[in-house]
>>> print(open('entry_1.txt').read())   # compact mmCIF, C-alpha atoms
# COMPACT_ATOMS: atom_id res chain seq x y z
CA MET A 1 57.23 -34.52 -8.76
CA ALA A 2 60.98 -34.73 -8.38
CA PHE A 3 62.58 -36.79 -5.59
CA THR A 4 66.09 -36.23 -4.26
CA ARG A 5 68.35 -38.57 -2.19
CA ALA A 6 69.59 -37.40 1.17
CA THR A 7 73.26 -36.38 1.08
CA GLY A 8 76.04 -35.27 3.42
CA LYS A 9 76.33 -36.36 7.06
CA HIS A 10 73.05 -38.32 6.98
CA ARG A 11 74.39 -40.88 4.50
CA ALA A 12 74.49 -44.43 5.93
CA ARG A 13 77.85 -46.11 6.37
CA SER A 14 78.80 -48.97 4.07
CA ARG A 15 78.45 -52.60 5.10
CA MET A 16 82.18 -53.04 5.30
CA THR A 17 82.58 -50.04 7.53
CA ARG A 18 79.88 -51.25 9.89
CA ARG A 19 81.38 -54.75 10.04
CA GLY A 20 84.82 -53.40 10.82
CA ALA A 21 83.47 -51.26 13.60
CA ASN A 22 81.62 -54.15 15.14
CA MET A 23 84.70 -56.34 15.09
CA ALA A 24 86.68 -53.58 16.74
CA LYS A 25 84.08 -53.35 19.49
CA VAL A 26 84.30 -57.12 20.13
CA ALA A 27 88.08 -57.03 20.17
CA THR A 28 88.04 -54.14 22.60
CA LEU A 29 85.60 -55.90 24.92
CA THR A 30 87.67 -59.11 24.76
CA ALA A 31 90.92 -57.28 25.38
CA ALA A 32 89.38 -55.56 28.34
CA GLY A 33 88.35 -58.93 29.67
CA VAL A 34 84.71 -57.76 29.90
CA ILE A 35 83.21 -60.67 28.04
CA GLY A 36 85.78 -63.41 28.72
CA THR A 37 86.74 -62.50 32.31
CA LEU A 38 83.36 -61.73 33.76
CA GLY A 39 81.65 -64.46 31.87
CA SER A 40 78.31 -62.81 32.67
CA PRO A 41 75.52 -64.10 30.43
CA ALA A 42 73.69 -60.78 30.69
CA LEU A 43 76.67 -58.78 29.69
CA ALA A 44 77.44 -61.17 26.91
CA ALA A 45 73.89 -60.91 25.63
CA ASP A 46 74.00 -57.13 25.74
CA ALA A 47 77.24 -57.10 23.85
CA GLU A 48 75.91 -59.45 21.22
CA ALA A 49 72.75 -57.35 20.90
CA ALA A 50 74.83 -54.23 20.44
CA VAL A 51 76.89 -55.97 17.79
CA ALA A 52 73.74 -57.21 16.06
CA GLN A 53 72.18 -53.73 16.17
CA ASP A 54 75.26 -52.19 14.67
CA ALA A 55 75.33 -54.89 12.03
CA ALA A 56 71.68 -54.20 11.00
CA PRO A 57 71.24 -52.02 7.91
CA ALA A 58 70.35 -48.37 8.66
CA ALA A 59 66.76 -47.21 7.94
CA ALA A 60 66.30 -45.28 4.70
CA PRO A 61 65.75 -41.54 5.19
CA ALA A 62 62.25 -40.02 4.44
CA PRO A 63 61.98 -38.90 0.84
CA VAL A 64 61.99 -35.15 0.20
CA ILE A 65 59.33 -33.87 -2.25
CA VAL A 66 60.37 -30.90 -4.30
CA ILE A 67 57.69 -28.94 -6.30
CA ASP A 68 59.03 -27.32 -9.42
CA GLY A 69 58.04 -23.80 -10.58
CA SER A 70 55.53 -24.86 -13.27
CA LEU A 71 53.45 -26.92 -10.83
CA ALA A 72 53.42 -24.07 -8.27
CA ALA A 73 52.28 -21.68 -10.99
CA THR A 74 49.50 -24.10 -11.97
CA ILE A 75 48.29 -24.35 -8.35
CA ASP A 76 48.36 -20.57 -7.97
CA ALA A 77 46.44 -20.16 -11.21
CA GLN A 78 43.82 -22.65 -10.05
CA ALA A 79 43.46 -20.82 -6.73
CA ASP A 80 43.11 -17.50 -8.53
CA ALA A 81 40.52 -18.96 -10.88
CA GLN A 82 38.53 -20.36 -7.96
CA HIS A 83 38.68 -16.99 -6.19
CA LEU A 84 37.54 -15.16 -9.31
CA ALA A 85 34.72 -17.67 -9.82
CA ALA A 86 33.57 -17.15 -6.22
CA ARG A 87 33.64 -13.36 -6.64
CA LYS A 88 31.77 -13.65 -9.92
CA ALA A 89 29.12 -15.86 -8.29
CA GLU A 90 28.76 -13.34 -5.45
CA ALA A 91 28.45 -10.47 -7.92
CA GLU A 92 25.84 -12.35 -9.94
CA ALA A 93 23.89 -13.17 -6.77
CA GLU A 94 24.01 -9.52 -5.68
CA ALA A 95 22.93 -8.34 -9.13
CA LYS A 96 20.08 -10.85 -9.07
CA ARG A 97 19.02 -9.68 -5.60
CA LYS A 98 19.06 -6.04 -6.71
CA ALA A 99 17.11 -6.87 -9.87
CA GLU A 100 14.50 -8.73 -7.83
CA ALA A 101 14.24 -5.85 -5.36
CA LYS A 102 13.87 -3.41 -8.25
CA ARG A 103 11.20 -5.59 -9.85
CA LYS A 104 9.25 -5.77 -6.60
CA ALA A 105 9.58 -2.03 -6.05
CA GLU A 106 8.35 -1.36 -9.58
CA ALA A 107 5.45 -3.77 -9.14
CA LYS A 108 4.56 -2.07 -5.85
CA ARG A 109 4.77 1.36 -7.48
CA LYS A 110 2.49 0.27 -10.31
CA ALA A 111 0.02 -1.30 -7.89
CA GLU A 112 -0.04 1.87 -5.81
CA ALA A 113 -0.48 3.95 -8.97
CA ARG A 114 -3.40 1.76 -10.07
CA ALA A 115 -4.96 1.97 -6.61
CA LYS A 116 -4.53 5.75 -6.63
CA GLU A 117 -6.11 6.00 -10.07
CA ALA A 118 -9.00 3.84 -8.90
CA ARG A 119 -9.52 6.00 -5.81
CA GLU A 120 -9.35 9.16 -7.85
CA ALA A 121 -11.83 7.72 -10.34
CA GLU A 122 -14.18 6.80 -7.51
CA GLU A 123 -13.81 10.27 -6.00
CA ARG A 124 -14.49 11.90 -9.37
CA ALA A 125 -17.54 9.72 -9.85
CA ALA A 126 -18.74 10.52 -6.33
CA ARG A 127 -18.24 14.26 -6.87
CA ALA A 128 -20.02 14.08 -10.20
CA ALA A 129 -22.90 12.18 -8.62
CA GLU A 130 -23.05 14.72 -5.79
CA ARG A 131 -23.03 17.63 -8.21
CA LYS A 132 -25.77 15.95 -10.17
CA ARG A 133 -27.76 15.32 -7.02
CA LEU A 134 -27.32 18.88 -5.79
CA ALA A 135 -28.33 20.20 -9.19
CA SER A 136 -31.38 18.00 -9.31
CA PHE A 137 -34.92 19.13 -8.49
CA GLN A 138 -38.02 17.28 -7.30
CA LEU A 139 -41.57 17.81 -6.19
CA PRO A 140 -42.07 19.47 -2.77
CA VAL A 141 -44.58 16.76 -1.86
CA ALA A 142 -43.76 13.35 -3.32
CA GLY A 143 -46.33 12.05 -5.80
CA SER A 144 -48.80 14.85 -5.14
CA PRO A 145 -50.77 16.52 -7.98
CA VAL A 146 -51.46 20.24 -8.40
CA THR A 147 -54.97 21.10 -7.18
CA THR A 148 -54.99 24.85 -7.84
CA GLY A 149 -53.01 26.27 -10.72
CA TYR A 150 -50.88 29.37 -11.12
CA ARG A 151 -52.74 32.68 -11.75
CA THR A 152 -56.09 31.16 -10.92
CA GLY A 153 -58.47 34.09 -10.21
CA GLY A 154 -60.81 34.53 -7.26
CA ALA A 155 -61.70 36.47 -4.12
CA LEU A 156 -59.56 34.16 -1.96
CA TRP A 157 -56.41 36.05 -2.95
CA SER A 158 -55.80 39.69 -2.16
CA SER A 159 -54.12 40.24 -5.50
CA GLY A 160 -57.09 38.75 -7.28
CA SER A 161 -55.15 35.72 -8.53
CA HIS A 162 -53.16 32.80 -7.22
CA SER A 163 -49.41 33.64 -6.96
CA GLY A 164 -48.37 29.99 -6.81
CA VAL A 165 -49.74 26.45 -7.04
CA ASP A 166 -51.33 24.22 -4.42
CA PHE A 167 -50.26 20.59 -3.94
CA ARG A 168 -52.59 18.14 -2.31
CA ALA A 169 -51.17 17.14 1.08
CA ALA A 170 -52.88 15.85 4.19
CA SER A 171 -51.91 17.55 7.43
CA GLY A 172 -48.56 16.32 8.67
CA THR A 173 -47.25 15.26 5.24
CA SER A 174 -43.51 15.77 4.76
CA VAL A 175 -42.60 18.84 2.72
CA VAL A 176 -39.12 18.87 1.16
CA ALA A 177 -36.86 21.37 -0.54
CA VAL A 178 -37.25 21.08 -4.30
CA GLY A 179 -33.51 21.69 -4.75
CA ALA A 180 -30.30 22.74 -3.01
CA GLY A 181 -30.10 26.14 -1.37
CA THR A 182 -30.04 28.17 1.83
CA VAL A 183 -32.96 29.04 4.06
CA VAL A 184 -33.57 32.81 4.14
CA GLU A 185 -36.92 32.80 5.95
CA ALA A 186 -38.49 30.35 8.41
CA GLY A 187 -41.49 31.45 10.49
CA TRP A 188 -44.82 33.14 10.34
CA GLY A 189 -45.65 34.67 6.96
CA GLY A 190 -49.04 36.32 7.46
CA ALA A 191 -51.55 34.95 4.96
CA TYR A 192 -49.06 32.15 4.21
CA GLY A 193 -49.14 31.00 7.82
CA ASN A 194 -45.98 29.11 8.79
CA ASN A 195 -43.74 29.38 5.75
CA VAL A 196 -40.19 28.74 4.56
CA VAL A 197 -38.33 30.65 1.82
CA ILE A 198 -35.18 29.15 0.27
CA ARG A 199 -32.63 30.87 -1.92
CA MET A 200 -31.77 28.21 -4.50
CA ASN A 201 -28.22 27.63 -5.72
CA ASP A 202 -29.20 28.90 -9.17
CA GLY A 203 -30.19 32.30 -7.67
CA THR A 204 -33.95 31.81 -7.72
CA PHE A 205 -36.19 31.47 -4.64
CA THR A 206 -38.88 28.96 -3.63
CA GLN A 207 -41.57 29.43 -0.99
CA TYR A 208 -43.58 26.85 1.01
CA GLY A 209 -46.71 28.01 2.88
CA HIS A 210 -49.44 26.91 5.30
CA LEU A 211 -47.10 24.51 7.14
CA SER A 212 -48.21 22.92 10.39
CA SER A 213 -44.58 22.87 11.62
CA ILE A 214 -41.19 24.11 10.46
CA GLY A 215 -38.08 21.94 10.62
CA VAL A 216 -35.33 24.33 9.43
CA SER A 217 -33.85 27.67 10.49
CA VAL A 218 -32.53 30.74 8.69
CA GLY A 219 -29.02 30.27 7.33
CA GLN A 220 -29.30 26.48 7.13
CA SER A 221 -28.19 24.78 3.93
CA VAL A 222 -30.55 22.23 2.44
CA THR A 223 -30.15 19.62 -0.27
CA PRO A 224 -32.73 18.32 -2.74
CA GLY A 225 -35.30 16.24 -0.87
CA ALA A 226 -34.32 17.54 2.61
CA ARG A 227 -37.41 17.82 4.81
CA ILE A 228 -38.14 21.41 5.78
CA GLY A 229 -41.45 20.95 7.57
CA LEU A 230 -44.90 19.35 7.63
CA SER A 231 -47.94 20.39 5.62
CA GLY A 232 -50.95 21.97 7.33
CA SER A 233 -53.58 24.69 7.05
CA THR A 234 -52.11 27.69 8.87
CA GLY A 235 -52.69 31.28 7.67
CA ASN A 236 -55.26 32.10 4.97
CA SER A 237 -56.22 28.54 4.05
CA THR A 238 -59.42 26.59 3.39
CA GLY A 239 -57.89 23.24 4.30
CA PRO A 240 -54.64 21.24 4.55
CA HIS A 241 -52.44 21.62 1.49
CA LEU A 242 -49.07 23.02 0.45
CA HIS A 243 -48.82 26.41 -1.22
CA PHE A 244 -45.70 26.50 -3.40
CA GLU A 245 -44.20 29.50 -5.20
CA ALA A 246 -41.19 30.16 -7.42
CA ARG A 247 -39.77 33.70 -7.27
CA THR A 248 -37.01 35.86 -8.66
CA THR A 249 -36.48 37.45 -5.22
CA ALA A 250 -37.40 36.56 -1.64
CA GLU A 251 -40.25 39.09 -1.66
CA TYR A 252 -43.90 38.67 -2.43
CA GLY A 253 -44.85 39.84 -5.92
CA SER A 254 -41.76 38.48 -7.73
CA ASP A 255 -43.46 35.17 -8.49
CA ILE A 256 -42.96 33.16 -11.69
CA ASP A 257 -44.85 30.15 -12.99
CA PRO A 258 -43.90 27.36 -10.52
CA VAL A 259 -44.94 24.54 -12.85
CA ALA A 260 -42.78 25.88 -15.70
CA TYR A 261 -39.99 26.43 -13.18
CA LEU A 262 -40.06 22.81 -11.99
CA ARG A 263 -40.29 21.46 -15.51
CA ALA A 264 -37.32 23.58 -16.59
CA HIS A 265 -35.36 21.76 -13.85
CA GLY A 266 -36.37 18.30 -15.03
CA VAL A 267 -39.30 17.68 -12.69
CA GLY A 268 -42.40 16.06 -14.12
CA VAL A 269 -45.46 17.98 -12.95
>>> encode(input="entry_1.txt", output="structure tokens")
Amino acid sequence: MAFTRATGKHRARSRMTRRGANMAKVATLTAAGVIGTLGSPALAADAEAAVAQDAAPAAAPAPVIVIDGSLAATIDAQADAQHLAARKAEAEAEAKRKAEAKRKAEAKRKAEARAKEAREAEERAARAAERKRLASFQLPVAGSPVTTGYRTGGALWSSGSHSGVDFRAASGTSVVAVGAGTVVEAGWGGAYGNNVVIRMNDGTFTQYGHLSSIGVSVGQSVTPGARIGLSGSTGNSTGPHLHFEARTTAEYGSDIDPVAYLRAHGVGV
């Protein structure tokens, strides 16, 4: 820093000048008879105080601080540097915030993608399982053996031979669809008694006869194992059982070997 001394009209008077002025004041007061004539102690004291005050040295003026150009430039440079540092810190913080938001968004997107893939995999597995189930076949009466085989001859049948197979089944036993299809007949079938005919999804037909009751209606879709009625002894029957046929059409006379048919669809008979 550079310090300068006050100049001009503010410069203090010299000691000799002040002393001369004070003596002039005393002479003036004496000549006027103020001090000597009045002889007042108060006035005398005031006069002496005034003389003493004038005789006291004047107070030094406050120093003036002058900042040169190089120091001002340094301060400005420091301020600019601090401002730039603050802006840089803000930019870095903003970049960090954006990077974190991007990371979270990417993590969320990946998690959603994984969840979607998992759902799609589950749906594919469910559809595959459903297709497999719908394509599956089973016995019309669970765990029941064949009691009368296909093409067995005798006077009991008008054609002279058995057009299907008989499964052992006590009256009231559940009878189910052997596979998926649509009911095309449900009602009285003459010698078959109460019967149901189903058009299977593979284009073949199955028939269930001598039922004591029917639990489906024409046009109804059925799945493998869906109950279609209860076994009985209605129609031309010698006792409770299930008469089962496999056909190429819905009509009588288009029968095929029902045991071979079930085995071809994976059913153990």
>>> residues_around(input="entry_1.txt", residues="stretch 171-176 of chain A", least_positions_apart="2", cutoff="12 Å", atoms="all atoms listed in the file", output="PyMOL selection string")
chain A and resi 137-144+167-169+178-181+195-198+206-216+222-234+239-244
>>> residues_near_point(input="entry_1.txt", point="(-52.0, 34.4, 9.6)", cutoff="10 Å", atoms="all atoms listed in the file", output="MDAnalysis selection string")
chainID A and resid 188:194 210 234:237
>>> closest_residue(input="entry_1.txt", among="A:Ala135, A:Thr152, A:Ala250, A:Val269", to="A:Ala186", atoms="only C-alpha atoms")
A:Ala250
>>> atom_distance(input="entry_1.txt", atom1="atom CA of A:Thr238", atom2="atom CA of A:Leu156")
9.3 Å
>>> atom_distance(input="entry_1.txt", atom1="atom CA of A:Ser161", atom2="atom CA of A:Arg199")
24.0 Å
>>> axis_aligned_box(input="entry_1.txt", around="stretch 140-143 of chain A", padding_each_side="8 Å", output="AutoDock Vina command-line options")
--center_x -44.2 --center_y 15.8 --center_z -3.8 --size_x 20.3 --size_y 23.4 --size_z 19.9
>>> atom_distance(input="entry_1.txt", atom1="atom CA of A:Arg247", atom2="atom CA of A:Val165")
12.3 Å
>>> closest_residue(input="entry_1.txt", among="A:Arg119, A:Arg103, A:Lys132, A:His162", to="A:Glu245", atoms="all atoms listed in the file")
A:His162
